[in-house]
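What follows is the content of coords.csv, which has CSV, C-alpha atoms:
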chain,number,residue,atom,x,y,z
F,1,MET,CA,111.1,3.5,-48.9
F,2,ALA,CA,112.0,2.7,-52.5
F,3,LEU,CA,112.2,6.4,-53.4
F,4,ASP,CA,113.9,7.5,-50.1
F,5,GLU,CA,117.4,8.7,-50.7
F,6,ASN,CA,118.3,7.9,-47.1
F,7,HIS,CA,117.6,4.2,-47.6
F,8,PRO,CA,119.5,2.9,-50.6
F,9,PRO,CA,119.1,1.4,-53.1
F,10,VAL,CA,117.0,4.3,-54.4
F,11,GLN,CA,114.6,3.4,-57.1
F,12,THR,CA,113.3,5.5,-60.0
F,13,TYR,CA,109.6,6.1,-60.6
F,14,ASP,CA,109.7,3.6,-63.5
F,15,GLN,CA,111.4,1.0,-61.3
F,16,CYS,CA,108.8,1.6,-58.6
F,17,MET,CA,106.0,1.2,-61.2
F,18,ASP,CA,107.4,-2.2,-62.2
F,19,LEU,CA,108.2,-3.2,-58.6
F,20,PHE,CA,104.8,-2.4,-57.1
F,21,CYS,CA,102.6,-2.8,-60.3
F,22,VAL,CA,101.1,0.6,-60.0
F,23,SER,CA,100.8,3.7,-62.3
F,24,ARG,CA,103.2,6.7,-62.3
F,25,ALA,CA,100.3,8.8,-60.9
F,26,THR,CA,100.0,6.5,-57.9
F,27,ILE,CA,103.7,6.7,-57.2
F,28,SER,CA,103.6,10.5,-57.5
F,29,ASN,CA,100.5,10.8,-55.3
F,30,VAL,CA,101.9,8.6,-52.6
F,31,ALA,CA,105.2,10.5,-52.6
F,32,LYS,CA,103.4,13.8,-52.5
F,33,THR,CA,101.2,12.7,-49.6
F,34,PHE,CA,104.2,11.4,-47.7
F,35,VAL,CA,106.1,14.7,-48.0
F,36,GLN,CA,103.0,16.8,-47.2
F,37,ASP,CA,101.3,14.8,-44.5
F,38,GLY,CA,103.6,12.0,-43.3
F,39,LEU,CA,103.6,8.3,-43.1
F,40,ASP,CA,100.2,8.0,-41.3
F,41,ALA,CA,98.4,9.8,-44.1
F,42,VAL,CA,100.0,7.4,-46.7
F,43,LEU,CA,99.0,4.3,-44.7
F,44,LYS,CA,95.4,5.4,-44.1
F,45,LEU,CA,93.0,3.4,-46.1
F,46,LYS,CA,90.8,5.6,-48.3
F,47,ARG,CA,87.5,4.1,-49.3
F,48,ASN,CA,84.6,5.7,-51.1
F,49,ILE,CA,81.7,5.7,-48.7
F,50,ASN,CA,79.4,4.5,-51.4
F,51,SER,CA,81.5,1.4,-52.4
F,52,ASN,CA,80.8,-2.1,-51.3
F,53,ASN,CA,84.3,-2.2,-49.8
F,54,ALA,CA,83.4,0.6,-47.4
F,55,ARG,CA,80.6,-1.4,-46.0
F,56,ARG,CA,82.7,-4.6,-45.5
F,57,LYS,CA,83.5,-5.5,-41.9
F,58,VAL,CA,86.0,-8.2,-42.9
F,59,ASP,CA,89.2,-6.8,-44.5
F,60,GLY,CA,92.0,-8.7,-46.1
F,61,ARG,CA,93.9,-9.2,-42.9
F,62,MET,CA,90.8,-10.6,-41.1
F,63,GLU,CA,90.1,-12.9,-44.1
F,64,ALA,CA,93.6,-14.2,-44.0
F,65,ARG,CA,93.4,-14.9,-40.2
F,66,ILE,CA,90.0,-16.6,-40.7
F,67,VAL,CA,91.5,-18.9,-43.3
F,68,GLU,CA,94.5,-19.5,-41.1
F,69,ILE,CA,92.2,-20.6,-38.2
F,70,ALA,CA,90.1,-22.8,-40.5
F,71,CYS,CA,93.2,-24.5,-41.8
F,72,GLY,CA,94.6,-25.0,-38.4
F,73,PRO,CA,94.0,-27.6,-35.7
F,74,VAL,CA,90.4,-28.3,-34.8
F,75,PRO,CA,89.4,-27.5,-31.2
F,76,GLU,CA,89.5,-30.5,-28.9
F,77,GLY,CA,86.3,-32.5,-28.8
F,78,HIS,CA,85.4,-31.6,-32.4
F,79,ALA,CA,86.0,-33.5,-35.7
F,80,ARG,CA,86.1,-30.4,-37.9
F,81,TRP,CA,85.7,-26.6,-37.9
F,82,THR,CA,82.2,-25.3,-38.3
F,83,ILE,CA,81.0,-21.8,-39.1
F,84,ARG,CA,79.8,-21.5,-35.4
F,85,LEU,CA,83.2,-22.6,-34.1
F,86,LEU,CA,84.9,-20.1,-36.4
F,87,GLU,CA,82.6,-17.4,-35.2
F,88,ASN,CA,83.4,-18.1,-31.6
F,89,GLN,CA,87.1,-18.2,-32.3
F,90,ALA,CA,86.8,-14.9,-34.3
F,91,LYS,CA,85.2,-13.3,-31.2
F,92,ILE,CA,88.4,-14.1,-29.3
F,93,GLU,CA,90.8,-13.1,-32.1
F,94,PHE,CA,89.2,-9.8,-33.2
F,95,ASP,CA,88.1,-6.7,-31.4
F,96,GLU,CA,84.7,-6.6,-33.1
F,97,PRO,CA,82.3,-9.5,-33.7
F,98,ILE,CA,82.1,-11.0,-37.1
F,99,SER,CA,78.9,-12.6,-38.3
F,100,ARG,CA,78.6,-16.2,-39.4
F,101,GLU,CA,77.6,-14.9,-42.8
F,102,ALA,CA,80.7,-12.9,-43.2
F,103,ILE,CA,82.8,-15.9,-42.3
F,104,ARG,CA,80.9,-18.1,-44.7
F,105,ARG,CA,81.4,-15.5,-47.5
F,106,THR,CA,85.1,-15.4,-46.7
F,107,LEU,CA,85.5,-19.1,-46.9
F,108,LYS,CA,83.4,-19.3,-50.1
F,109,LYS,CA,85.5,-16.6,-51.7
F,110,THR,CA,88.7,-18.4,-50.9
F,111,GLY,CA,87.4,-21.8,-52.0
F,112,LEU,CA,87.6,-23.5,-48.6
F,113,ASP,CA,85.3,-26.4,-47.8
F,114,LEU,CA,84.9,-27.1,-44.1
F,115,THR,CA,83.1,-30.4,-44.7
F,116,ALA,CA,85.7,-32.1,-46.8
F,117,ALA,CA,88.3,-33.1,-44.2
F,118,ASN,CA,88.0,-34.2,-40.6
F,119,THR,CA,91.1,-32.3,-39.4
F,120,GLY,CA,90.6,-28.8,-40.9
F,121,ALA,CA,89.7,-27.2,-44.1
F,122,TYR,CA,91.3,-27.5,-47.5
F,123,GLN,CA,90.9,-25.7,-50.8
F,124,THR,CA,88.4,-27.3,-53.1
F,125,LYS,CA,89.8,-25.7,-56.2
F,126,GLN,CA,93.1,-27.5,-55.7
F,127,MET,CA,91.4,-30.9,-55.2
F,128,GLN,CA,89.3,-30.4,-58.4
F,129,ASN,CA,92.5,-29.7,-60.4
F,130,SER,CA,94.2,-32.9,-59.2

Would you write the structure of this file as structure tokens?
Amino acid sequence: MALDENHPPVQTYDQCMDLFCVSRATISNVAKTFVQDGLDAVLKLKRNINSNNARRKVDGRMEARIVEIACGPVPEGHARWTIRLLENQAKIEFDEPISREAIRRTLKKTGLDLTAANTGAYQTKQMQNS
């Protein structure tokens, strides 16, 4: 949208580079793909089939939702979230099942500790810096 003349203010390539923190080649490639193939082609996530990211079942949106659930209110009858409770909630939230290990890795990666509080999770990194 930043380069689109129909939606002012129109940005230059240099302004887009600063705004989105990407290279000129990326801006050029995205604009070219949009003109040739449309918006769906631009939004399609391209991953190398040999990369670790291609094998991941949990993407950034799922990670954010898992963290949001873990930081939210605990189900009635429970003192805190557990990996199993999060796994059951994830089955409800997402179309495909997510393993307990994937949930554990997500929480570890974000620094959440489910055992530290009795009403939800908090970030251990913040507590260590206090």

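Atom pair CA of Ile27 (chain F) / CA of Glu63 (chain F): separated by 27.2 Å.
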
### Query
When you draw a straight line from CA of Val30 (chain F) to CA of Gly60 (chain F), how long is it in Å?
21.0 Å

Can you build me a table of region 7-73 of chain F residues sitting at most 9 Å from region 80-88 of chain F, with the closest atom pair per residue and its distance in Å to one decimal, using all atoms listed in the file, sorted by chain and residue number, as JSON lines?
{"residue": "F:Ile66", "atom": "CA", "partner": "F:Leu86", "partner_atom": "CA", "distance": 7.5}
{"residue": "F:Ile69", "atom": "CA", "partner": "F:Leu86", "partner_atom": "CA", "distance": 7.5}
{"residue": "F:Ala70", "atom": "CA", "partner": "F:Trp81", "partner_atom": "CA", "distance": 6.4}
{"residue": "F:Cys71", "atom": "CA", "partner": "F:Trp81", "partner_atom": "CA", "distance": 8.7}
{"residue": "F:Pro73", "atom": "CA", "partner": "F:Trp81", "partner_atom": "CA", "distance": 8.6}

### Task
Could you please determine the separation between CA of Thr26 (chain F) and CA of Thr12 (chain F) in Å, to one decimal place?
13.5 Å
